[in-house]
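Source file: target22.cif. Holds: mmCIF, C-alpha atoms.
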data_upload
#
loop_
_atom_site.label_atom_id
_atom_site.label_comp_id
_atom_site.auth_asym_id
_atom_site.auth_seq_id
_atom_site.Cartn_x
_atom_site.Cartn_y
_atom_site.Cartn_z
CA MET R 1 32.50 -12.74 -20.68
CA SER R 2 33.72 -14.13 -17.33
CA ASP R 3 31.79 -17.30 -16.59
CA VAL R 4 31.92 -17.41 -12.78
CA ARG R 5 32.25 -21.21 -12.86
CA GLN R 6 35.63 -20.77 -14.50
CA PHE R 7 36.74 -19.08 -11.27
CA GLY R 8 35.53 -21.86 -9.01
CA ALA R 9 31.85 -21.05 -8.43
CA LYS R 10 29.67 -24.16 -8.18
CA GLY R 11 26.13 -22.79 -8.33
CA ASP R 12 24.82 -25.94 -6.67
CA GLY R 13 22.77 -24.20 -3.95
CA THR R 14 25.01 -25.50 -1.17
CA THR R 15 28.64 -24.47 -1.73
CA ASP R 16 29.66 -21.01 -0.50
CA ASP R 17 30.70 -19.27 -3.73
CA THR R 18 31.71 -15.93 -2.14
CA ASP R 19 35.46 -16.32 -2.66
CA ALA R 20 34.98 -17.60 -6.20
CA LEU R 21 32.91 -14.56 -7.15
CA ARG R 22 35.41 -12.19 -5.58
CA HIS R 23 38.14 -13.97 -7.56
CA ALA R 24 36.09 -13.45 -10.73
CA VAL R 25 35.83 -9.74 -9.97
CA GLU R 26 39.57 -9.40 -9.38
CA SER R 27 40.80 -11.52 -12.28
CA GLY R 28 38.01 -11.53 -14.85
CA ASP R 29 37.20 -9.19 -17.71
CA GLY R 30 34.59 -7.08 -15.88
CA VAL R 31 31.52 -9.10 -16.88
CA LEU R 32 30.32 -11.61 -14.28
CA PHE R 33 28.17 -14.15 -16.10
CA PHE R 34 26.13 -16.61 -14.04
CA PRO R 35 25.03 -19.74 -15.91
CA ALA R 36 21.74 -21.21 -14.69
CA GLY R 37 22.13 -22.31 -11.08
CA ARG R 38 21.82 -21.25 -7.47
CA TYR R 39 24.92 -19.48 -6.12
CA VAL R 40 25.17 -19.09 -2.34
CA ILE R 41 27.27 -16.24 -0.90
CA SER R 42 27.88 -15.26 2.70
CA GLY R 43 29.40 -11.81 2.22
CA THR R 44 29.21 -8.79 -0.08
CA VAL R 45 30.79 -9.05 -3.51
CA LYS R 46 32.21 -5.57 -4.10
CA VAL R 47 32.73 -4.42 -7.66
CA PRO R 48 35.12 -1.44 -7.78
CA ILE R 49 34.19 -0.13 -11.21
CA PRO R 50 37.29 2.00 -12.00
CA SER R 51 39.69 -0.88 -11.57
CA ARG R 52 37.59 -3.25 -13.68
CA GLY R 53 36.58 -0.90 -16.48
CA PRO R 54 32.98 -1.08 -17.73
CA CYS R 55 31.29 -3.85 -15.76
CA ALA R 56 28.18 -5.99 -15.80
CA ILE R 57 26.51 -8.71 -13.74
CA SER R 58 24.41 -10.95 -15.94
CA GLY R 59 22.36 -14.08 -15.44
CA GLU R 60 20.95 -16.57 -17.88
CA GLU R 61 17.53 -15.07 -18.66
CA GLY R 62 16.37 -15.20 -15.04
CA ALA R 63 17.43 -18.82 -14.47
CA SER R 64 20.39 -17.73 -12.34
CA THR R 65 19.92 -17.03 -8.63
CA VAL R 66 22.33 -15.57 -6.10
CA VAL R 67 21.38 -16.37 -2.49
CA MET R 68 22.72 -13.89 0.08
CA SER R 69 23.09 -15.70 3.41
CA GLY R 70 25.09 -12.95 5.15
CA GLN R 71 24.59 -9.35 6.19
CA GLY R 72 24.93 -6.40 3.80
CA PRO R 73 24.35 -6.08 0.06
CA ALA R 74 24.84 -9.11 -2.16
CA PHE R 75 26.56 -6.87 -4.73
CA GLN R 76 27.96 -3.40 -4.18
CA LEU R 77 28.81 -1.41 -7.31
CA ILE R 78 31.30 1.32 -6.41
CA GLY R 79 32.22 4.14 -8.77
CA THR R 80 34.03 7.45 -8.36
CA HIS R 81 31.76 9.93 -10.14
CA ALA R 82 31.66 13.10 -8.03
CA GLY R 83 30.14 15.46 -10.60
CA THR R 84 26.61 16.24 -11.69
CA GLY R 85 24.66 15.07 -14.73
CA ASP R 86 26.31 17.79 -16.80
CA PRO R 87 28.69 16.08 -19.28
CA GLY R 88 31.32 18.71 -18.52
CA SER R 89 31.46 17.63 -14.88
CA VAL R 90 32.32 14.01 -15.74
CA GLN R 91 36.00 13.11 -15.65
CA PRO R 92 37.40 11.37 -18.78
CA GLY R 93 38.19 8.23 -16.82
CA VAL R 94 34.57 7.95 -15.73
CA TRP R 95 33.33 8.11 -19.33
CA GLN R 96 35.86 5.51 -20.39
CA ASP R 97 35.79 3.03 -17.54
CA GLU R 98 32.68 3.60 -15.41
CA ARG R 99 29.73 4.38 -17.68
CA MET R 100 26.69 2.12 -17.64
CA PRO R 101 27.41 -0.50 -14.98
CA THR R 102 24.71 -3.08 -15.69
CA VAL R 103 22.89 -5.74 -13.68
CA GLN R 104 20.48 -7.88 -15.69
CA ASN R 105 18.55 -11.14 -15.95
CA ILE R 106 19.31 -12.42 -12.45
CA VAL R 107 17.47 -13.28 -9.24
CA LEU R 108 18.75 -12.13 -5.83
CA ASP R 109 17.29 -14.02 -2.89
CA GLY R 110 17.90 -13.24 0.79
CA LYS R 111 18.47 -15.68 3.65
CA HIS R 112 19.59 -13.20 6.33
CA PRO R 113 17.52 -10.46 8.02
CA GLY R 114 20.29 -7.92 7.32
CA ALA R 115 20.83 -8.85 3.67
CA ASP R 116 20.26 -6.32 0.88
CA GLY R 117 20.09 -6.90 -2.86
CA LEU R 118 22.05 -4.28 -4.79
CA GLN R 119 23.81 -1.21 -3.46
CA LEU R 120 25.04 1.57 -5.75
CA VAL R 121 27.67 4.11 -4.71
CA GLU R 122 28.86 7.00 -6.94
CA THR R 123 27.86 5.27 -10.16
CA MET R 124 27.31 6.90 -13.54
CA GLN R 125 24.45 5.76 -15.82
CA ALA R 126 23.75 2.51 -13.95
CA ARG R 127 21.22 0.21 -15.62
CA ILE R 128 19.27 -2.46 -13.73
CA GLU R 129 17.02 -4.53 -15.97
CA GLY R 130 15.15 -7.81 -15.62
CA VAL R 131 16.28 -8.30 -12.01
CA MET R 132 14.23 -9.93 -9.27
CA VAL R 133 15.03 -9.20 -5.61
CA ARG R 134 13.08 -10.94 -2.87
CA ARG R 135 13.33 -11.75 0.84
CA MET R 136 16.03 -9.13 1.36
CA ARG R 137 15.94 -6.05 3.56
CA HIS R 138 16.19 -3.39 0.82
CA GLY R 139 15.91 -4.56 -2.77
CA ILE R 140 17.92 -1.79 -4.47
CA HIS R 141 19.72 0.68 -2.20
CA LEU R 142 21.23 3.94 -3.50
CA ILE R 143 23.56 5.88 -1.20
CA LYS R 144 26.00 8.81 -1.28
CA ARG R 145 25.86 9.95 -4.96
CA ASN R 146 24.60 8.45 -8.22
CA ARG R 147 23.68 9.83 -11.64
CA ASN R 148 21.39 8.76 -14.49
CA VAL R 149 19.99 5.53 -13.03
CA ILE R 150 17.59 3.37 -15.07
CA ILE R 151 15.57 0.61 -13.38
CA SER R 152 13.22 -1.32 -15.68
CA ASN R 153 11.38 -4.63 -16.01
CA CYS R 154 12.27 -5.65 -12.45
CA HIS R 155 10.48 -7.45 -9.63
CA LEU R 156 11.23 -6.00 -6.18
CA TYR R 157 9.13 -8.31 -4.10
CA HIS R 158 8.44 -9.19 -0.46
CA ASN R 159 11.43 -7.49 1.15
CA THR R 160 11.43 -6.47 4.81
CA GLY R 161 12.66 -2.94 4.08
CA SER R 162 11.94 -0.98 0.91
CA GLY R 163 11.85 -2.24 -2.66
CA LEU R 164 13.85 0.76 -3.90
CA TYR R 165 15.48 2.89 -1.18
CA LEU R 166 17.12 6.25 -1.85
CA ASP R 167 18.93 6.89 1.42
CA ARG R 168 20.98 10.07 2.02
CA VAL R 169 21.78 10.09 -1.69
CA ASN R 170 22.54 12.95 -4.04
CA LEU R 171 20.91 11.74 -7.25
CA HIS R 172 19.96 13.42 -10.49
CA GLN R 173 18.01 11.60 -13.18
CA ILE R 174 16.40 8.29 -12.21
CA ASN R 175 13.80 6.43 -14.27
CA VAL R 176 11.78 3.57 -12.74
CA SER R 177 9.55 1.85 -15.27
CA SER R 178 7.64 -1.32 -16.19
CA SER R 179 8.36 -3.02 -12.86
CA HIS R 180 6.47 -4.81 -10.10
CA ILE R 181 7.30 -3.36 -6.68
CA SER R 182 5.14 -5.15 -4.15
CA TYR R 183 4.82 -6.51 -0.60
CA ASN R 184 7.82 -4.58 0.76
CA ARG R 185 7.28 -3.85 4.45
CA LEU R 186 8.65 -0.27 4.60
CA GLY R 187 7.52 0.95 1.22
CA GLY R 188 7.73 0.31 -2.48
CA ILE R 189 9.85 3.33 -3.41
CA ARG R 190 11.14 5.26 -0.39
CA ILE R 191 13.22 8.44 -0.43
CA GLU R 192 14.61 9.96 2.78
CA ARG R 193 17.28 12.52 3.73
CA SER R 194 18.22 12.90 0.06
CA GLU R 195 18.68 15.48 -2.67
CA VAL R 196 16.96 14.20 -5.81
CA ARG R 197 16.15 15.83 -9.16
CA ASN R 198 14.36 14.34 -12.17
CA LEU R 199 12.53 11.32 -10.76
CA GLN R 200 10.25 9.50 -13.21
CA ILE R 201 8.05 6.64 -11.96
CA THR R 202 6.03 5.35 -14.92
CA GLY R 203 4.12 2.25 -15.96
CA ASN R 204 4.67 0.20 -12.81
CA ASP R 205 2.52 -1.97 -10.56
CA ILE R 206 3.28 -0.79 -7.00
CA GLU R 207 1.11 -2.41 -4.36
CA TYR R 208 0.66 -3.88 -0.86
CA ASN R 209 3.83 -2.33 0.52
CA ASN R 210 3.23 -2.63 4.26
CA ALA R 211 3.71 -5.15 7.06
CA LYS R 212 0.58 -7.24 6.56
CA SER R 213 2.35 -9.93 4.53
CA HIS R 214 5.37 -10.13 6.87
CA GLY R 215 4.02 -12.13 9.78
CA GLU R 216 5.37 -10.99 13.12
CA LEU R 217 7.52 -8.11 11.85
CA PRO R 218 6.31 -4.79 13.31
CA SER R 219 4.08 -2.47 11.31
CA GLU R 220 5.19 1.11 10.64
CA PRO R 221 3.60 3.96 8.70
CA THR R 222 4.52 3.41 5.08
CA ALA R 223 3.54 4.14 1.48
CA GLU R 224 3.82 2.63 -1.96
CA ILE R 225 5.71 5.81 -2.88
CA TRP R 226 7.18 7.70 0.09
CA ILE R 227 9.09 10.95 -0.47
CA ASP R 228 10.28 12.68 2.70
CA ALA R 229 12.22 15.91 2.23
CA THR R 230 11.60 17.44 5.65
CA GLU R 231 15.17 17.33 6.93
CA PRO R 232 17.20 20.57 6.56
CA LYS R 233 19.36 19.59 3.57
CA ALA R 234 16.88 17.30 1.85
CA SER R 235 14.96 18.24 -1.31
CA VAL R 236 13.17 16.28 -4.00
CA ASN R 237 12.07 18.17 -7.12
CA GLU R 238 11.03 17.45 -10.70
CA ILE R 239 8.90 14.36 -10.08
CA THR R 240 6.60 12.53 -12.50
CA ILE R 241 4.37 9.72 -11.21
CA ALA R 242 2.36 8.57 -14.22
CA SER R 243 0.43 5.58 -15.58
CA ASN R 244 0.99 3.33 -12.57
CA THR R 245 -1.32 1.05 -10.63
CA ILE R 246 -0.70 1.99 -6.99
CA GLN R 247 -2.77 -0.08 -4.58
CA ALA R 248 -2.57 -1.43 -1.04
CA THR R 249 -4.30 -2.85 1.97
CA ASN R 250 -5.16 -0.29 4.63
CA SER R 251 -2.45 0.11 7.29
CA GLY R 252 -2.13 2.48 10.22
CA GLY R 253 -0.62 5.78 9.12
CA GLY R 254 -0.30 4.47 5.58
CA ALA R 255 -0.68 6.13 2.18
CA ASN R 256 -0.37 5.11 -1.45
CA ILE R 257 1.62 8.26 -2.29
CA ARG R 258 3.08 10.42 0.47
CA ILE R 259 5.13 13.57 -0.22
CA LEU R 260 6.39 15.48 2.82
CA GLU R 261 8.17 18.81 2.30
CA LYS R 262 9.34 21.77 4.38
CA ALA R 263 6.58 24.34 4.09
CA ASP R 264 8.83 27.25 5.11
CA THR R 265 11.80 26.54 2.84
CA SER R 266 13.52 29.53 1.21
CA ARG R 267 13.80 27.53 -2.01
CA PRO R 268 10.31 26.17 -2.60
CA PRO R 269 9.94 22.56 -3.64
CA GLY R 270 7.65 21.62 -6.47
CA LEU R 271 7.55 20.60 -10.11
CA VAL R 272 5.54 17.48 -9.28
CA ALA R 273 3.03 15.82 -11.62
CA ILE R 274 0.83 12.89 -10.54
CA SER R 275 -1.24 11.84 -13.54
CA GLY R 276 -3.05 8.92 -15.14
CA ASN R 277 -2.71 6.52 -12.20
CA VAL R 278 -5.12 4.12 -10.52
CA ILE R 279 -4.64 4.68 -6.78
CA GLY R 280 -6.53 3.02 -3.95
CA SER R 281 -7.14 1.25 -0.64
CA GLN R 282 -5.03 2.92 2.02
CA GLU R 283 -5.66 5.14 5.03
CA ASN R 284 -5.02 8.19 2.84
CA ASN R 285 -4.54 7.47 -0.84
CA VAL R 286 -2.51 10.61 -1.62
CA HIS R 287 -1.04 12.59 1.27
CA LEU R 288 0.75 15.88 0.61
CA SER R 289 2.22 18.02 3.39
CA GLY R 290 4.14 21.26 2.97
CA VAL R 291 4.29 20.93 -0.81
CA TYR R 292 4.48 23.73 -3.38
CA GLY R 293 3.52 23.43 -7.01
CA VAL R 294 1.94 19.97 -7.42
CA THR R 295 -0.44 18.93 -10.20
CA ILE R 296 -2.77 15.95 -9.67
CA SER R 297 -4.73 15.16 -12.81
CA GLY R 298 -6.50 12.37 -14.66
CA ASN R 299 -6.30 9.81 -11.86
CA THR R 300 -8.83 7.32 -10.54
CA ILE R 301 -8.47 7.51 -6.75
CA TYR R 302 -10.67 5.15 -4.79
CA SER R 303 -11.41 3.61 -1.40
CA CYS R 304 -9.71 5.14 1.61
CA ALA R 305 -10.04 4.66 5.34
CA ARG R 306 -9.85 8.44 5.82
CA ARG R 307 -9.27 10.51 2.66
CA ASN R 308 -8.66 9.94 -1.06
CA LEU R 309 -6.56 13.11 -1.01
CA LEU R 310 -5.21 14.90 2.07
CA VAL R 311 -3.39 18.20 1.50
CA GLU R 312 -1.86 19.96 4.51
CA ASP R 313 -0.09 23.34 4.77
CA SER R 314 0.58 23.50 1.04
CA ARG R 315 0.49 26.06 -1.77
CA LEU R 316 -0.17 26.04 -5.50
CA VAL R 317 -1.77 22.59 -5.73
CA THR R 318 -3.74 21.97 -8.93
CA ILE R 319 -6.32 19.15 -8.73
CA GLY R 320 -8.04 18.48 -12.03
CA SER R 321 -10.16 15.87 -13.80
CA ASN R 322 -9.80 13.14 -11.17
CA HIS R 323 -12.41 10.57 -10.19
CA PHE R 324 -12.82 10.13 -6.43
CA ARG R 325 -15.02 7.30 -5.14
CA ARG R 326 -15.42 4.50 -2.63
CA HIS R 327 -14.98 1.06 -4.14
CA THR R 328 -16.36 -1.03 -1.27
CA SER R 329 -18.84 -0.21 1.46
CA SER R 330 -16.23 -0.73 4.19
CA MET R 331 -14.03 2.05 2.82
CA GLY R 332 -14.56 5.77 2.33
CA THR R 333 -13.96 8.67 -0.03
CA GLY R 334 -13.34 12.40 0.03
CA VAL R 335 -10.78 15.18 -0.28
CA ARG R 336 -9.52 17.39 2.55
CA LEU R 337 -7.41 20.56 2.36
CA THR R 338 -6.17 22.16 5.58
CA GLY R 339 -4.06 25.27 6.04
CA SER R 340 -3.48 25.53 2.30
CA SER R 341 -3.66 28.37 -0.21
CA ASP R 342 -3.69 29.20 -3.91
CA CYS R 343 -5.20 25.87 -4.96
CA THR R 344 -7.65 24.85 -7.67
CA ILE R 345 -10.04 21.90 -7.88
CA SER R 346 -11.71 21.53 -11.27
CA GLY R 347 -13.51 18.97 -13.40
CA CYS R 348 -13.50 16.27 -10.73
CA THR R 349 -16.22 13.79 -9.79
CA PHE R 350 -16.87 12.79 -6.19
CA ARG R 351 -19.31 10.10 -5.16
CA ASP R 352 -20.23 8.36 -1.92
CA GLU R 353 -22.09 5.42 -3.39
CA SER R 354 -23.24 4.01 -0.06
CA LYS R 355 -25.66 6.94 0.57
CA GLU R 356 -25.02 6.22 4.26
CA GLY R 357 -21.94 8.28 4.97
CA GLN R 358 -18.61 6.84 5.99
CA ALA R 359 -16.80 5.82 9.14
CA SER R 360 -14.55 8.88 9.13
CA GLY R 361 -17.58 11.18 9.06
CA ALA R 362 -16.02 13.08 6.15
CA SER R 363 -17.86 15.21 3.63
CA LEU R 364 -16.86 14.81 0.00
CA LEU R 365 -14.78 18.03 -0.02
CA GLU R 366 -13.54 19.60 3.20
CA LEU R 367 -11.69 22.91 3.38
CA GLU R 368 -10.30 24.03 6.73
CA GLY R 369 -8.30 27.20 7.30
CA CYS R 370 -7.70 27.65 3.56
CA ARG R 371 -7.25 30.81 1.46
CA ARG R 372 -7.64 31.51 -2.22
CA VAL R 373 -9.13 28.19 -3.38
CA ALA R 374 -11.13 27.91 -6.61
CA VAL R 375 -13.55 24.99 -7.03
CA SER R 376 -15.20 24.75 -10.46
CA GLY R 377 -17.00 22.34 -12.74
CA CYS R 378 -17.13 19.45 -10.25
CA VAL R 379 -19.85 16.96 -9.40
CA PHE R 380 -20.37 16.05 -5.73
CA ALA R 381 -22.89 13.22 -5.54
CA ASP R 382 -24.54 11.76 -2.42
CA GLY R 383 -22.30 13.47 0.11
CA VAL R 384 -22.99 12.71 3.78
CA PRO R 385 -22.96 14.83 5.89
CA TYR R 386 -22.24 17.44 3.16
CA GLY R 387 -21.07 17.62 -0.40
CA VAL R 388 -18.81 20.60 0.36
CA ASP R 389 -17.92 21.70 3.88
CA ALA R 390 -15.72 24.78 4.52
CA GLU R 391 -14.55 26.09 7.89
CA ASN R 392 -12.61 29.28 8.66
CA CYS R 393 -11.82 29.91 4.99
CA SER R 394 -11.38 33.11 2.99
CA ASP R 395 -11.35 33.92 -0.72
CA VAL R 396 -12.89 30.56 -1.65
CA ARG R 397 -14.86 30.54 -4.89
CA ILE R 398 -17.23 27.69 -5.82
CA THR R 399 -18.70 27.95 -9.33
CA GLY R 400 -20.42 25.77 -11.89
CA CYS R 401 -20.67 22.68 -9.69
CA ILE R 402 -23.43 20.18 -9.04
CA ILE R 403 -23.65 19.36 -5.33
CA SER R 404 -26.26 16.87 -4.13
CA GLY R 405 -27.02 15.32 -0.77
CA GLU R 406 -28.94 12.12 -0.14
CA SER R 407 -31.74 11.80 2.37
CA LYS R 408 -29.31 11.23 5.25
CA ALA R 409 -27.22 14.28 4.33
CA ARG R 410 -27.39 17.37 6.51
CA GLY R 411 -27.04 19.52 3.42
CA ALA R 412 -25.37 20.09 0.08
CA LEU R 413 -23.09 22.89 1.26
CA ARG R 414 -21.87 24.38 4.51
CA PHE R 415 -19.66 27.35 5.37
CA HIS R 416 -19.01 27.85 9.06
CA GLY R 417 -16.53 29.58 11.31
CA ASN R 418 -14.97 32.92 10.36
CA GLY R 419 -14.12 34.01 6.83
CA LYS R 420 -14.37 36.74 4.24
CA ARG R 421 -14.80 37.25 0.51
CA ASN R 422 -16.13 33.74 -0.17
CA GLY R 423 -18.38 33.26 -3.20
CA VAL R 424 -20.84 30.54 -4.28
CA ALA R 425 -22.20 31.18 -7.77
CA SER R 426 -23.93 29.40 -10.68
CA ASN R 427 -24.14 25.99 -8.99
CA ASN R 428 -26.88 23.36 -8.84
CA LEU R 429 -27.41 22.73 -5.13
CA LEU R 430 -29.62 19.75 -4.35
CA GLY R 431 -30.08 20.04 -0.62
CA SER R 432 -29.98 22.63 2.12
CA ILE R 433 -27.34 25.32 2.49
CA GLU R 434 -25.87 26.20 5.87
CA ILE R 435 -23.90 29.43 6.05
CA SER R 436 -22.92 31.16 9.28
CA PRO R 437 -23.05 34.97 9.33
CA GLN R 438 -19.34 35.19 10.15
CA ALA R 439 -18.30 33.06 7.15
CA GLY R 440 -18.40 35.99 4.71
CA VAL R 441 -20.19 34.17 1.86
CA SER R 442 -21.93 35.77 -1.11
CA LEU R 443 -24.50 33.64 -3.00
CA HIS R 444 -25.30 34.43 -6.64
CA GLU R 445 -27.46 32.74 -9.30
CA ASN R 446 -27.45 29.26 -7.79
CA ILE R 447 -30.21 26.76 -8.55
CA ASN R 448 -31.54 25.12 -5.42
#

This structure in structure tokens:
Amino acid sequence: MSDVRQFGAKGDGTTDDTDALRHAVESGDGVLFFPAGRYVISGTVKVPIPSRGPCAISGEEGASTVVMSGQGPAFQLIGTHAGTGDPGSVQPGVWQDERMPTVQNIVLDGKHPGADGLQLVETMQARIEGVMVRRMRHGIHLIKRNRNVIISNCHLYHNTGSGLYLDRVNLHQINVSSSHISYNRLGGIRIERSEVRNLQITGNDIEYNNAKSHGELPSEPTAEIWIDATEPKASVNEITIASNTIQATNSGGGANIRILEKADTSRPPGLVAISGNVIGSQENNVHLSGVYGVTISGNTIYSCARRNLLVEDSRLVTIGSNHFRRHTSSMGTGVRLTGSSDCTISGCTFRDESKEGQASGASLLELEGCRRVAVSGCVFADGVPYGVDAENCSDVRITGCIISGESKARGALRFHGNGKRNGVASNNLLGSIEISPQAGVSLHENIN
């Protein structure tokens, strides 16, 4: 193990150790070990993995800090893997010399507005564990191509960009688990202009990722988890977001989870599961646009400025067994689907506990311009102005639900605008029903 002090590093918090660390990379055994201390660098330490063989950057159980006082990443790990995740596409030299580059048990601290923590380029099976990155621009930045990345037990905290940023990267297989990703101005986990397959985000605390804790830095629309695949060559499929706490403070244009896809793509996106999370306190808690084939189940989704769930121009969205509510009187609740088709909403509970309505004026469930939507076995309690409100919809079926309106509600249920083949059957409706003649609604065996 190459103790960086043997190559001239001081770790005294004052001396510039950049040249010493570069010397350790060039002349050491591939493992950079940082004894407890504070190592200041002013430029990127590049680690060309093929020339070093298997490599690692390791601190002394979190007592070692590298302070980046210059622009660019503190450490850049550079491989040569150009294949896929298929073992047959990996060159023998990559298996021998490049597998599992590891960064562990170290703190990376920024002292320059253009400083980043770690940057990975064409790596194979990279492992980042027990790392803290703070006061950087981006905490962990993946570019170009990477495969089989594992990020666990990390703290990506109070960075001016994103905690984890996948930027124009071709990446298959990435697991993010058991980490705190918080107070990053442009998002906790942000994916843009990338091709990504097999993304698992599980068991993390991801919260407050917006500009409110960054003083005078400008605010931009952001999300705890932001996935944008709207550019022509971008696509993000096979996503699991499970068992996380995903919270925030409300910010303009913000969301807790935002997935943006191309609605007219010839190869539909999809294979997305969002399950077992606690999600709350943003403008829209979950925002889906142009998606295809998403399942949202078993979540507690609370307190929004506009909607708990906003689904736009999407198809095949399954919404099941979620709890939607407002947590404080200053926030709101509700689900809205617009321009979407072939969706189901089942076994969910919706409640506006204030009994006064909400600032957005939203009903508990709003359907606008939707087709082929089945709503079953849900409870809509105390909705103001309505429990369920549908406009210009066709082939909507509402069955086996309990829909109640409080004294200030205009009604339990409304269908208005134009539509056809809509059905409302076997529901308990506690409140008035408003149905326009052009809405094409058939009522059958409801209790009112």

For CA of Leu118 in chain R and CA of Val45 in chain R, the interatomic separation in Å (one decimal): 10.0 Å

Can you find the residues with an atom no farther than 9 Å from (11.2, 14.1, -8.1), counting all atoms listed in the file, and report them as a PyMOL selection string? chain R and resi 173-174+196-201+227+235-241+270-272

Quick check on the file I pasted: which residues fall under the PyMOL selection byres ((chain R and resi 294) around 12)? Write them as a count of residues only. 37

Here's the selection I'm unsure about, the PyMOL selection byres ((chain R and resi 153) around 12); applied to the file above, which residues does it give, as a PyMOL selection string? chain R and resi 62+103-106+127-133+150-152+154-156+175-181+202-205

Would you list the residues near (21.2, -12.3, -6.1) (no more than 7 Å away, in the coordinates of the file, using only C-alpha atoms) as a PyMOL selection string? chain R and resi 65-68+74+106-109+117+133

Near Cys378 in chain R, within 12 Å and counting all atoms listed in the file, which residues show up once chain neighbours fewer than 6 positions away are dropped, as a list of chain:residue names? R:Ile319, R:Gly320, R:Ser321, R:Asn322, R:His323, R:Phe324, R:Thr344, R:Ile345, R:Ser346, R:Gly347, R:Cys348, R:Thr349, R:Phe350, R:Arg351, R:Leu364, R:Leu365, R:Gly387, R:Val388, R:Ile398, R:Thr399, R:Gly400, R:Cys401, R:Ile402, R:Ile403, R:Ser404, R:Asn427, R:Asn428, R:Leu429
